[in-house]
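Text of the file model_6.txt, holding compact mmCIF, C-alpha atoms:
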```txt
# COMPACT_ATOMS: atom_id res chain seq x y z
CA MET C 153 -13.39 -157.15 -101.11
CA THR C 154 -12.34 -157.47 -97.49
CA TYR C 155 -10.18 -160.12 -95.93
CA PRO C 156 -10.02 -161.06 -92.27
CA HIS C 157 -6.91 -160.15 -90.35
CA SER C 158 -5.10 -163.44 -90.12
CA ARG C 159 -2.69 -162.62 -87.34
CA PRO C 160 -4.78 -161.33 -84.43
CA GLY C 161 -2.89 -158.94 -82.21
CA GLU C 162 -0.37 -158.00 -84.89
CA ARG C 163 -0.52 -154.57 -86.46
CA LEU C 164 -1.08 -154.68 -90.17
CA LEU C 165 1.16 -152.16 -91.95
CA PHE C 166 -0.25 -152.62 -95.43
CA GLU C 167 -1.50 -155.14 -97.90
CA ILE C 168 -1.05 -155.40 -101.63
CA PRO C 169 -3.28 -157.16 -104.14
CA TYR C 170 -1.86 -160.19 -105.88
CA GLY C 171 -3.06 -162.27 -108.80
CA THR C 172 -1.89 -165.70 -109.92
CA PHE C 173 -2.60 -167.75 -113.00
CA SER C 174 -2.10 -171.30 -111.79
CA ASN C 175 -1.60 -173.44 -108.78
CA TYR C 176 1.02 -176.01 -107.81
CA SER C 177 1.44 -178.48 -105.02
CA PRO C 178 4.94 -178.62 -103.52
CA ARG C 179 4.43 -182.04 -101.97
CA GLY C 180 1.11 -183.57 -102.99
CA ASN C 181 1.14 -187.13 -104.30
CA SER C 182 -1.71 -187.12 -106.83
CA GLU C 183 -0.98 -187.29 -110.54
CA LEU C 184 -2.29 -183.75 -110.93
CA SER C 185 -0.02 -182.49 -108.15
CA GLN C 186 2.95 -184.13 -109.85
CA LYS C 187 1.95 -182.47 -113.13
CA SER C 188 1.65 -179.12 -111.37
CA ARG C 189 5.22 -179.50 -110.08
CA ASN C 190 6.50 -180.31 -113.57
CA LEU C 191 4.77 -177.23 -114.98
CA CYS C 192 6.12 -175.08 -112.15
CA GLY C 193 9.66 -176.42 -112.68
CA ASN C 194 9.46 -175.70 -116.39
CA ILE C 195 8.30 -172.14 -115.74
CA LYS C 196 11.21 -171.65 -113.35
CA ALA C 197 13.44 -173.08 -116.08
CA GLY C 198 12.27 -170.33 -118.42
CA ARG C 199 10.56 -172.47 -121.07
CA ALA C 200 9.09 -169.74 -123.25
CA VAL C 201 6.77 -172.06 -125.16
CA LEU C 202 5.04 -173.06 -121.94
CA ILE C 203 4.69 -169.49 -120.70
CA GLU C 204 3.39 -168.40 -124.11
CA SER C 205 0.69 -171.07 -123.91
CA ALA C 206 -0.75 -169.21 -120.91
CA VAL C 207 -1.23 -165.93 -122.79
CA PRO C 208 -4.53 -166.79 -124.58
CA LEU C 209 -5.84 -168.24 -121.33
CA LEU C 210 -4.93 -165.02 -119.53
CA GLN C 211 -6.76 -163.04 -122.20
CA ALA C 212 -9.89 -165.17 -121.89
CA ALA C 213 -12.93 -164.30 -119.84
CA GLY C 214 -12.05 -166.92 -117.23
CA ALA C 215 -9.09 -164.83 -116.19
CA ALA C 216 -11.07 -161.58 -115.77
CA VAL C 217 -10.10 -161.53 -112.12
CA LEU C 218 -6.54 -160.83 -113.28
CA ALA C 219 -7.43 -157.90 -115.56
CA PRO C 220 -6.44 -155.18 -113.04
CA PHE C 221 -2.97 -156.71 -112.73
CA LEU C 222 -2.30 -156.79 -116.45
CA ASP C 223 -3.97 -153.69 -117.86
CA HIS C 224 -2.14 -151.51 -120.37
CA GLY C 225 -1.34 -148.82 -117.83
CA ALA C 226 0.52 -151.16 -115.49
CA THR C 227 4.31 -151.08 -115.80
CA LEU C 228 5.58 -154.65 -115.43
CA VAL C 229 8.51 -154.89 -113.04
CA PRO C 230 10.16 -158.33 -112.84
CA VAL C 231 11.00 -159.59 -109.37
CA PRO C 232 14.75 -160.29 -109.05
CA ARG C 233 16.16 -163.74 -108.44
CA SER C 234 17.65 -164.54 -105.05
CA ALA C 235 21.15 -163.50 -106.18
CA PRO C 236 22.76 -161.14 -108.69
CA LEU C 237 22.76 -162.67 -112.16
CA THR C 238 25.88 -164.03 -113.83
CA GLU C 239 26.42 -162.74 -117.36
CA GLY C 240 23.73 -163.99 -119.73
CA ALA C 241 21.91 -165.86 -116.97
CA LEU C 242 18.27 -166.85 -116.96
CA TRP C 243 15.85 -164.45 -115.27
CA PRO C 244 12.47 -166.18 -115.37
CA ALA C 245 10.45 -163.21 -114.09
CA GLU C 246 11.86 -160.95 -116.79
CA LEU C 247 11.08 -163.56 -119.45
CA ILE C 248 7.51 -163.89 -118.17
CA ALA C 249 7.02 -160.12 -118.12
CA SER C 250 8.33 -159.83 -121.70
CA ILE C 251 6.06 -162.61 -122.96
CA LEU C 252 3.04 -161.03 -121.24
CA ALA C 253 3.83 -157.63 -122.76
CA ARG C 254 4.31 -159.13 -126.24
CA GLY C 255 0.90 -160.76 -125.80
CA GLY C 256 -0.73 -157.43 -125.05
CA LEU C 257 -0.93 -158.01 -121.32
CA GLY C 258 0.32 -155.14 -119.17
CA GLY C 259 2.31 -152.11 -120.23
CA ALA C 260 6.05 -151.67 -120.64
CA VAL C 261 8.54 -153.97 -118.95
CA LEU C 262 10.85 -152.15 -116.58
CA PRO C 263 13.50 -154.36 -114.98
CA CYS C 264 14.43 -151.72 -112.43
CA VAL C 265 14.66 -153.75 -109.22
CA ARG C 266 17.83 -155.75 -108.90
CA ARG C 267 19.46 -157.97 -106.34
CA VAL C 268 22.66 -156.43 -105.05
CA THR C 269 23.67 -159.22 -102.68
CA ALA C 270 22.58 -162.84 -102.55
CA VAL C 271 20.10 -164.18 -100.02
CA ARG C 272 19.33 -167.84 -99.37
CA LYS C 273 16.79 -169.28 -101.77
CA SER C 274 13.46 -169.58 -99.97
CA SER C 275 12.44 -172.57 -102.06
CA THR C 276 15.33 -174.70 -100.83
CA SER C 277 15.82 -173.33 -97.33
CA PRO C 278 14.43 -174.91 -94.19
CA ALA C 279 11.60 -172.70 -92.87
CA LYS C 280 13.79 -171.32 -90.06
CA ASP C 281 16.43 -170.08 -92.53
CA ARG C 282 14.21 -168.38 -95.10
CA PRO C 283 15.19 -164.76 -95.58
CA SER C 284 13.04 -162.19 -93.81
CA VAL C 285 11.48 -159.18 -95.53
CA ALA C 286 14.21 -157.03 -93.93
CA GLU C 287 16.96 -159.24 -95.38
CA HIS C 288 15.34 -159.13 -98.81
CA TYR C 289 14.98 -155.36 -98.55
CA GLU C 290 18.66 -154.87 -97.68
CA SER C 291 19.70 -157.03 -100.64
CA LEU C 292 17.67 -155.08 -103.23
CA ALA C 293 18.11 -151.80 -105.07
CA VAL C 294 16.04 -149.79 -107.54
CA ASP C 295 17.96 -148.54 -110.56
CA GLY C 296 17.76 -145.18 -112.21
CA GLN C 297 15.50 -142.18 -112.06
CA LEU C 298 12.68 -143.11 -114.37
CA ALA C 299 9.46 -141.41 -115.30
CA ARG C 300 6.91 -142.03 -112.60
CA PRO C 301 4.82 -145.04 -113.62
CA ARG C 302 1.03 -144.81 -113.36
CA SER C 303 0.89 -148.14 -111.60
CA ILE C 304 3.25 -151.06 -111.16
CA THR C 305 2.66 -154.77 -111.34
CA LEU C 306 5.51 -156.82 -109.93
CA VAL C 307 5.87 -160.01 -111.99
CA ASP C 308 7.27 -163.24 -110.61
CA ASP C 309 7.38 -166.91 -111.56
CA VAL C 310 6.20 -168.43 -108.28
CA LEU C 311 4.49 -166.81 -105.31
CA THR C 312 4.87 -168.53 -101.95
CA GLN C 313 4.66 -166.33 -98.86
CA GLY C 314 5.29 -163.04 -100.62
CA ARG C 315 8.33 -161.87 -98.66
CA THR C 316 10.34 -160.99 -101.75
CA VAL C 317 7.36 -159.19 -103.24
CA ILE C 318 6.84 -157.13 -100.08
CA ALA C 319 10.54 -156.19 -99.99
CA CYS C 320 10.28 -155.07 -103.64
CA VAL C 321 7.17 -153.04 -102.76
CA LEU C 322 9.08 -151.29 -99.97
CA ARG C 323 11.96 -150.45 -102.35
CA LEU C 324 9.61 -149.22 -105.07
CA ARG C 325 7.69 -147.09 -102.57
CA ASP C 326 10.99 -145.44 -101.65
CA ALA C 327 11.62 -144.67 -105.32
CA TYR C 328 8.05 -143.89 -106.41
CA PRO C 329 6.02 -142.76 -103.38
CA GLY C 330 2.29 -143.06 -103.82
CA VAL C 331 2.36 -145.28 -106.91
CA GLU C 332 -0.14 -148.12 -106.81
CA ILE C 333 1.63 -151.49 -106.70
CA ARG C 334 0.23 -154.97 -107.34
CA ALA C 335 1.86 -158.36 -107.85
CA PHE C 336 1.29 -161.08 -110.41
CA ALA C 337 2.83 -164.56 -110.52
CA MET C 338 2.41 -167.37 -113.02
CA VAL C 339 2.13 -169.90 -110.21
CA ARG C 340 1.20 -169.85 -106.56
CA ALA C 341 2.25 -172.53 -104.11
CA GLN C 342 -0.74 -174.40 -102.74
CA GLY C 343 -1.32 -173.66 -99.09
CA LEU C 344 -2.69 -176.01 -96.48
CA VAL C 345 -4.27 -178.63 -98.74
CA GLU C 346 -1.56 -180.90 -100.16
CA ASP C 347 -3.06 -181.90 -103.52
CA VAL C 348 -4.26 -179.51 -106.18
CA GLU C 349 -7.72 -179.89 -107.69
CA ARG C 350 -6.93 -177.90 -110.79
CA ILE C 351 -3.80 -176.33 -112.17
CA VAL C 352 -5.07 -173.38 -114.23
CA ASP C 353 -6.94 -171.42 -111.60
CA PRO C 354 -6.78 -167.62 -112.02
CA SER C 355 -7.12 -166.13 -108.55
CA ALA C 356 -6.67 -162.88 -106.71
CA GLY C 357 -6.00 -162.08 -103.08
CA VAL C 358 -3.79 -159.94 -100.90
CA ILE C 359 -0.38 -160.22 -99.30
CA LYS C 360 -0.43 -158.68 -95.84
CA TYR C 361 2.60 -157.17 -94.20
CA TYR C 362 2.70 -156.86 -90.43
CA GLU C 363 4.72 -154.67 -88.12
CA SER C 364 6.42 -157.82 -86.81
CA GLY C 365 7.98 -158.28 -90.27
CA LYS C 366 5.81 -161.26 -91.08
CA THR C 367 3.80 -161.66 -94.27
CA PHE C 368 0.60 -163.54 -94.89
CA ARG C 369 -0.80 -164.49 -98.26
CA ASP C 370 -4.58 -164.48 -98.23
CA PRO C 371 -5.72 -166.82 -99.63
CA MET D 284 23.14 -200.11 -128.25
CA VAL D 285 24.06 -196.53 -129.07
CA GLU D 286 21.19 -194.21 -130.00
CA ILE D 287 21.42 -190.66 -131.28
CA ILE D 288 18.90 -188.22 -129.85
CA LYS D 289 18.21 -184.57 -130.56
CA THR D 290 18.72 -182.52 -127.43
CA ASN D 291 15.94 -180.05 -128.15
CA GLU D 292 13.38 -182.81 -128.66
CA ASN D 293 14.40 -184.93 -125.70
CA LEU D 294 15.35 -182.35 -123.09
CA GLY D 295 13.39 -179.40 -124.30
CA PRO D 296 12.09 -177.41 -125.81
CA LEU D 297 15.31 -175.73 -124.74
CA ASN D 298 15.24 -172.03 -123.99
CA GLU D 299 17.60 -169.52 -125.56
CA ILE D 300 19.98 -169.64 -122.63
CA GLU D 301 20.16 -173.43 -122.64
CA ARG D 302 20.73 -173.51 -126.41
CA LYS D 303 23.90 -171.43 -126.09
CA HIS D 304 26.04 -174.37 -124.93
CA ALA D 305 23.77 -177.35 -125.49
CA PRO D 306 25.04 -179.94 -127.98
CA GLU D 307 22.56 -180.47 -130.81
CA ILE D 308 22.69 -184.21 -130.43
CA LEU D 309 23.63 -186.67 -127.76
CA TYR D 310 24.88 -190.24 -128.12
CA ILE D 311 23.28 -192.41 -125.48
CA ASP D 312 23.52 -196.05 -124.45
CA GLY D 313 21.17 -197.53 -121.88
CA ASP D 314 17.82 -196.63 -120.35
CA ARG D 315 16.82 -193.41 -122.15
CA THR D 316 13.84 -192.86 -119.83
CA LEU D 317 16.33 -191.65 -117.23
CA LEU D 318 16.62 -188.46 -119.28
CA SER D 319 12.91 -187.73 -119.22
CA THR D 320 11.61 -188.91 -115.86
CA GLY D 321 12.18 -187.85 -112.28
CA VAL D 322 14.59 -185.43 -110.73
CA ARG D 323 18.30 -185.59 -111.61
CA VAL D 324 21.10 -184.30 -109.43
CA SER D 325 24.78 -184.13 -110.39
CA VAL D 326 27.27 -185.19 -107.73
CA VAL D 327 30.70 -183.94 -108.71
CA GLY D 328 34.09 -183.18 -107.26
CA THR D 329 37.79 -183.84 -107.20
CA ARG D 330 39.57 -186.79 -108.77
CA LYS D 331 41.64 -187.13 -105.60
CA PRO D 332 39.16 -187.05 -102.74
CA SER D 333 39.96 -187.27 -99.03
CA GLU D 334 38.52 -190.07 -96.91
CA LYS D 335 35.94 -187.61 -95.61
CA GLY D 336 35.09 -186.58 -99.16
CA ILE D 337 34.43 -190.20 -100.08
CA LYS D 338 32.21 -190.65 -97.02
CA ARG D 339 30.30 -187.46 -97.80
CA THR D 340 29.77 -188.58 -101.38
CA ARG D 341 28.41 -191.92 -100.23
CA ALA D 342 26.08 -190.33 -97.68
CA LEU D 343 24.80 -187.75 -100.18
CA THR D 344 24.30 -190.33 -102.93
CA GLN D 345 22.42 -192.65 -100.59
CA ALA D 346 20.15 -189.76 -99.56
CA LEU D 347 19.47 -188.90 -103.20
CA VAL D 348 18.60 -192.51 -104.03
CA ARG D 349 16.29 -192.71 -101.00
CA HIS D 350 14.40 -189.75 -102.48
CA GLY D 351 14.15 -191.47 -105.85
CA ILE D 352 16.55 -188.99 -107.45
CA THR D 353 18.75 -190.07 -110.37
CA VAL D 354 22.44 -189.49 -109.67
CA VAL D 355 24.37 -187.87 -112.52
CA SER D 356 28.16 -187.78 -112.65
CA GLY D 357 31.06 -187.77 -115.07
CA LEU D 358 32.67 -191.22 -114.67
CA ALA D 359 35.93 -189.56 -113.69
CA GLU D 360 38.22 -190.92 -111.02
CA GLY D 361 37.43 -189.93 -107.43
CA ILE D 362 34.12 -188.39 -106.42
CA ASP D 363 32.42 -189.26 -109.74
CA THR D 364 33.29 -192.94 -109.45
CA VAL D 365 32.17 -193.09 -105.82
CA ALA D 366 28.85 -191.44 -106.75
CA HIS D 367 28.12 -193.91 -109.58
CA GLU D 368 29.21 -196.95 -107.59
CA THR D 369 27.21 -195.94 -104.53
CA ALA D 370 24.06 -195.24 -106.55
CA ILE D 371 24.34 -198.69 -108.17
CA SER D 372 25.12 -200.49 -104.93
CA VAL D 373 22.06 -199.11 -103.10
CA GLY D 374 19.67 -199.84 -105.97
CA GLY D 375 19.43 -196.32 -107.37
CA ARG D 376 19.64 -194.97 -110.90
CA THR D 377 22.64 -193.24 -112.37
CA ILE D 378 23.68 -191.42 -115.54
CA ALA D 379 27.33 -191.14 -116.62
CA VAL D 380 28.07 -188.13 -118.83
CA LEU D 381 31.34 -188.81 -120.61
CA GLY D 382 34.04 -186.43 -121.72
CA THR D 383 34.96 -189.01 -124.36
CA PRO D 384 32.95 -190.82 -127.06
CA LEU D 385 30.88 -193.72 -125.72
CA ASP D 386 33.34 -196.32 -127.02
CA LYS D 387 36.21 -194.87 -125.01
CA VAL D 388 36.56 -194.76 -121.26
CA PHE D 389 38.59 -192.43 -119.11
CA PRO D 390 40.05 -193.54 -116.77
CA ALA D 391 40.50 -196.96 -118.35
CA LYS D 392 39.97 -198.69 -115.01
CA ASN D 393 36.31 -197.62 -115.12
CA ARG D 394 35.61 -199.87 -118.14
CA LYS D 395 33.58 -202.38 -116.08
CA LEU D 396 31.68 -199.59 -114.36
CA LEU D 397 30.80 -198.03 -117.73
CA ASP D 398 29.64 -201.41 -119.06
CA THR D 399 27.33 -201.80 -116.05
CA ILE D 400 26.00 -198.28 -116.51
CA LYS D 401 25.30 -198.89 -120.21
CA ARG D 402 23.57 -202.17 -119.44
CA GLU D 403 21.45 -201.12 -116.47
CA HIS D 404 21.47 -197.31 -116.32
CA LEU D 405 22.46 -194.69 -118.90
CA ALA D 406 25.67 -193.41 -120.46
CA VAL D 407 25.63 -190.12 -122.39
CA SER D 408 28.21 -188.40 -124.58
CA GLN D 409 28.12 -185.42 -126.90
CA PHE D 410 31.18 -186.70 -128.78
CA PRO D 411 30.86 -189.02 -131.80
CA GLU D 412 32.98 -192.12 -132.15
CA GLY D 413 36.50 -191.20 -133.23
CA TYR D 414 36.28 -187.68 -131.79
CA PRO D 415 39.80 -186.72 -130.71
CA TYR D 416 40.75 -186.43 -127.06
CA ARG D 417 41.05 -182.76 -126.13
CA LYS D 418 41.34 -181.10 -122.76
CA GLU D 419 38.40 -178.81 -123.49
CA ASN D 420 36.09 -181.80 -123.97
CA PHE D 421 35.78 -182.05 -120.20
CA PRO D 422 34.51 -178.54 -119.46
CA ARG D 423 32.09 -179.02 -122.38
CA ARG D 424 30.95 -182.26 -120.80
CA ASN D 425 30.49 -180.43 -117.48
CA ARG D 426 28.18 -177.92 -119.15
CA THR D 427 26.11 -180.77 -120.55
CA MET D 428 25.89 -182.30 -117.09
CA ALA D 429 24.57 -178.98 -115.81
CA LEU D 430 22.00 -178.94 -118.63
CA ILE D 431 20.52 -182.36 -117.88
CA SER D 432 20.52 -181.89 -114.09
CA ASP D 433 18.01 -180.08 -111.91
CA ALA D 434 20.74 -179.42 -109.36
CA THR D 435 24.49 -179.80 -108.98
CA VAL D 436 26.25 -180.63 -105.72
CA ILE D 437 29.99 -179.99 -105.45
CA VAL D 438 31.21 -182.32 -102.74
CA GLU D 439 34.93 -181.62 -102.55
CA ALA D 440 37.07 -179.61 -104.95
CA GLY D 441 40.31 -177.68 -105.19
CA GLU D 442 41.05 -174.15 -106.28
CA LYS D 443 41.46 -175.10 -109.96
CA SER D 444 38.87 -177.86 -110.04
CA GLY D 445 37.02 -178.45 -113.32
CA THR D 446 33.77 -178.78 -111.37
CA ARG D 447 33.72 -174.98 -111.16
CA HIS D 448 32.73 -174.93 -114.85
CA GLN D 449 29.68 -176.99 -114.04
CA GLY D 450 28.74 -174.80 -111.09
CA TRP D 451 28.91 -171.61 -113.13
CA GLU D 452 27.00 -173.10 -116.03
CA ALA D 453 24.29 -174.41 -113.71
CA LEU D 454 23.90 -170.93 -112.22
CA ARG D 455 23.68 -169.42 -115.69
CA LEU D 456 20.91 -171.89 -116.57
CA GLY D 457 19.03 -171.08 -113.38
CA ARG D 458 19.54 -174.55 -111.92
CA LEU D 459 20.33 -175.09 -108.26
CA VAL D 460 23.96 -175.28 -107.17
CA PHE D 461 24.93 -176.60 -103.75
CA LEU D 462 28.36 -176.47 -102.21
CA MET D 463 28.92 -178.88 -99.35
CA GLU D 464 29.71 -176.99 -96.16
CA ASN D 465 33.37 -178.12 -96.22
CA VAL D 466 33.80 -176.61 -99.71
CA ALA D 467 31.93 -173.42 -98.91
CA GLU D 468 33.92 -172.76 -95.76
CA ASN D 469 37.37 -173.86 -96.91
CA PRO D 470 39.61 -170.79 -96.37
CA GLU D 471 42.05 -172.01 -99.03
CA LEU D 472 39.45 -171.67 -101.79
CA THR D 473 38.45 -168.36 -103.35
CA TRP D 474 35.78 -169.42 -105.87
CA PRO D 475 33.11 -170.75 -103.45
CA ARG D 476 32.57 -167.29 -101.98
CA GLU D 477 32.17 -165.83 -105.45
CA MET D 478 29.80 -168.61 -106.49
CA ILE D 479 27.70 -168.12 -103.35
CA GLY D 480 27.49 -164.43 -104.25
CA TYR D 481 25.78 -165.46 -107.47
CA GLY D 482 23.33 -167.87 -105.93
CA ALA D 483 25.07 -171.13 -104.98
CA GLN D 484 23.67 -172.49 -101.72
CA VAL D 485 25.60 -174.01 -98.83
CA LEU D 486 24.51 -177.58 -98.19
CA ARG D 487 24.58 -178.63 -94.55
CA ARG D 488 24.03 -182.24 -93.69
CA GLU D 489 21.14 -181.48 -91.34
CA ASP D 490 19.27 -179.59 -94.10
CA LEU D 491 19.62 -182.38 -96.62
CA PRO D 492 16.27 -184.22 -96.39
CA GLU D 493 14.19 -181.04 -96.60
CA ILE D 494 16.21 -179.61 -99.47
CA LEU D 495 15.99 -182.80 -101.50
CA TYR D 496 12.21 -182.72 -101.25
CA ASP D 497 12.04 -179.30 -102.83
CA ILE D 498 14.35 -179.52 -105.84
CA PRO D 499 12.27 -178.12 -108.72
CA ALA D 500 11.69 -180.30 -111.75
CA PHE D 501 13.41 -177.86 -114.13
CA THR D 502 14.12 -180.57 -116.66
CA ALA D 503 10.86 -182.52 -116.45
CA GLY D 504 9.83 -183.44 -119.97
CA GLY D 505 6.42 -183.04 -121.54
CA ALA D 506 5.45 -179.73 -119.92
CA VAL D 507 4.93 -177.70 -123.09
CA ALA D 508 1.48 -176.18 -122.55
CA PHE D 509 -1.08 -175.41 -119.86
```

Would you mind writing the file's structure down as structure tokens?
Amino acid sequence: MTYPHSRPGERLLFEIPYGTFSNYSPRGNSELSQKSRNLCGNIKAGRAVLIESAVPLLQAAGAAVLAPFLDHGATLVPVPRSAPLTEGALWPAELIASILARGGLGGAVLPCVRRVTAVRKSSTSPAKDRPSVAEHYESLAVDGQLARPRSITLVDDVLTQGRTVIACVLRLRDAYPGVEIRAFAMVRAQGLVEDVERIVDPSAGVIKYYESGKTFRDP
Amino acid sequence: MVEIIKTNENLGPLNEIERKHAPEILYIDGDRTLLSTGVRVSVVGTRKPSEKGIKRTRALTQALVRHGITVVSGLAEGIDTVAHETAISVGGRTIAVLGTPLDKVFPAKNRKLLDTIKREHLAVSQFPEGYPYRKENFPRRNRTMALISDATVIVEAGEKSGTRHQGWEALRLGRLVFLMENVAENPELTWPREMIGYGAQVLRREDLPEILYDIPAFTAGGAVAF
């Protein structure tokens, strides 16, 4: 599959495939958009029962587009939160990865990328203050010398622009050069159209990373 | 009239991390729908606020109410009282989470305020009638406030302030924690820097409208399956 370059004149450094299970509207007013926000909030709150309800749907034929992201050979690496975790704190991405693995989706869970210093939370920062890929990269570290994974799927709760994911890719490439890396998120933030038409909507695309430091999620 | 509700059924299903400090049951008096609908934000701080702290609390509470957000606080003297009173005066909704049983009020001068909250809003306590007064009831209450709130805003607080307990618990639960700029940048305080290092966000007045729009509905009820 090919995607058009979405930032003419900017040099594309690389792109990584992403897959998402569902869709949410950050600001739409329809009843369905409101429901999508409630589901998204509950995933971010780490409600295992809700995440577990997605497993049979992910295993079903309708989610075939996500199969490459969750095959048995893919090591699942949870994306860190925006700050180091306090003791015993919730880590939604790690919970999601564990539930997927228990459901036979993906390979082993390897929580090897961690946040060393806090960055501002993208979800509650004005656009001008959202951390750049470079800031994310500086705030992350990869732990340990582990056996080289066959492929890696980064797992996150919500995918917006993909800056954190790209910074994780850069760190993992430092640690495991040449390993194929993809990203999977339970939810993607709806783009230009405000209201969602359906919530469960398995989709795949790419996150592009440009020399300027910008990212673009397509679609 | 006092009702007894099971936390897991009314706020949950709670996850493992929430269950660690969540009371099994809550005693409530008032409009119970406030626990299951809309976004809830705790506004907390010192019992002895400055004039500026009072003004900030009013401005923040008014902004929350304009966004349809329910204001949660602890009925204590100072910032808590200002938050409840402001929410009521501008037609908003408020929840008081008590560090005492529902039939007691601390401070006693908030008796009328508590009566209004029970009648028109919601009062919540994890302590049964007759439960003895203990100092540790208040940090426990603060953890419950963190549990029922999607975000916590610390408006003004000292170095030993009890609101720190709520901030840390909210971070542990993965909820949002905001420190008003004056708290975050107060050179006399050591804990804000530490809390920011673990994910608390600095809240600047100019960022307020945009941030309020994007508070996730962590505690929205009814989302149990796709």

| task | Please provide the set of residues having any atom within 8 Å of Phe336 of chain C, restricted to only C-alpha atoms, with same-chain residues fewer than 4 positions apart removed, written as a PyMOL selection string. | result | chain C and resi 170-172+221+305-308

| Counting all atoms listed in the file, chain D residues within 8 Å of chain C, as a VMD selection string | chain D and resid 296 to 298 300 454 to 458 479 to 482 484 490 493 to 494 496 to 504 506 to 509

| query | When you draw a straight line from atom CA of Tyr361 of chain C to atom CA of Leu164 of chain C, how long is it in Å? | reply |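 Interatomic distance here is 6.0 Å.
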
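With all atoms listed in the file as the atoms that count, the minimum distance from Trp451 of chain D to the choices D:Gly321, D:Pro422, D:Gly328, D:Pro411 is reached by D:Pro422.
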
| remark: atom CA of Ile251 of chain C to atom CA of His304 of chain D measures 23.3 Å

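Using all atoms listed in the file, the nearest neighbour of Glu183 of chain C within the list C:Lys280, C:Arg350, C:His224, C:Arg340 is C:Arg350.
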
| note | One decimal place gives the atom CA of Lys387 of chain D-atom CA of Ile400 of chain D separation as 13.7 Å

Skip Thr312 of chain C itself and residues of its chain fewer than 4 positions away, then list as a PDB file with C-alpha atoms, keeping the file's coordinate frame all residues within 9 Å of it, counting only C-alpha atoms.
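So around.pdb came out as:
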```
ATOM      1  CA  SER C 274      13.460-169.580 -99.970  1.00  0.00           C
ATOM      2  CA  SER C 275      12.440-172.570-102.060  1.00  0.00           C
ATOM      3  CA  VAL C 339       2.130-169.900-110.210  1.00  0.00           C
ATOM      4  CA  ARG C 340       1.200-169.850-106.560  1.00  0.00           C
ATOM      5  CA  ALA C 341       2.250-172.530-104.110  1.00  0.00           C
ATOM      6  CA  GLN C 342      -0.740-174.400-102.740  1.00  0.00           C
ATOM      7  CA  GLY C 343      -1.320-173.660 -99.090  1.00  0.00           C
ATOM      8  CA  ARG C 369      -0.800-164.490 -98.260  1.00  0.00           C
TER       9      ARG C 369
END
```

| Which protein, DNA or RNA residues are at most 10 Å from (8.2, -158.9, -102.2) in the file's coordinates when you count all atoms listed in the file, listed as number ranges by chain? | C: 168, 231-232, 285, 288-289, 306, 308, 311, 313-323, 335, 359, 361, 367

| message | Give me the residues near Asn469 of chain D as a PyMOL selection string, where near means some atom within 12 Å (using all atoms listed in the file) and where sequence neighbours in that chain fewer than 4 positions away do not count. | response | chain D and resi 438-442+462-465+473-476+485

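Summary of the local environment: counting only C-alpha atoms, residues at most 9 Å from Val365 of chain D, other than itself and those fewer than 6 positions away along its chain, are Ile337, Thr340, Arg341 and Thr344 of chain D.
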
Grab the residues selected above and save them as a short mmCIF file (atom, residue, chain, number, x, y, z; two decimals), in the frame of the given file with C-alpha atoms.
```
data_model
loop_
_atom_site.label_atom_id
_atom_site.label_comp_id
_atom_site.auth_asym_id
_atom_site.auth_seq_id
_atom_site.Cartn_x
_atom_site.Cartn_y
_atom_site.Cartn_z
CA ILE D 337 34.43 -190.20 -100.08
CA THR D 340 29.77 -188.58 -101.38
CA ARG D 341 28.41 -191.92 -100.23
CA THR D 344 24.30 -190.33 -102.93
#
```
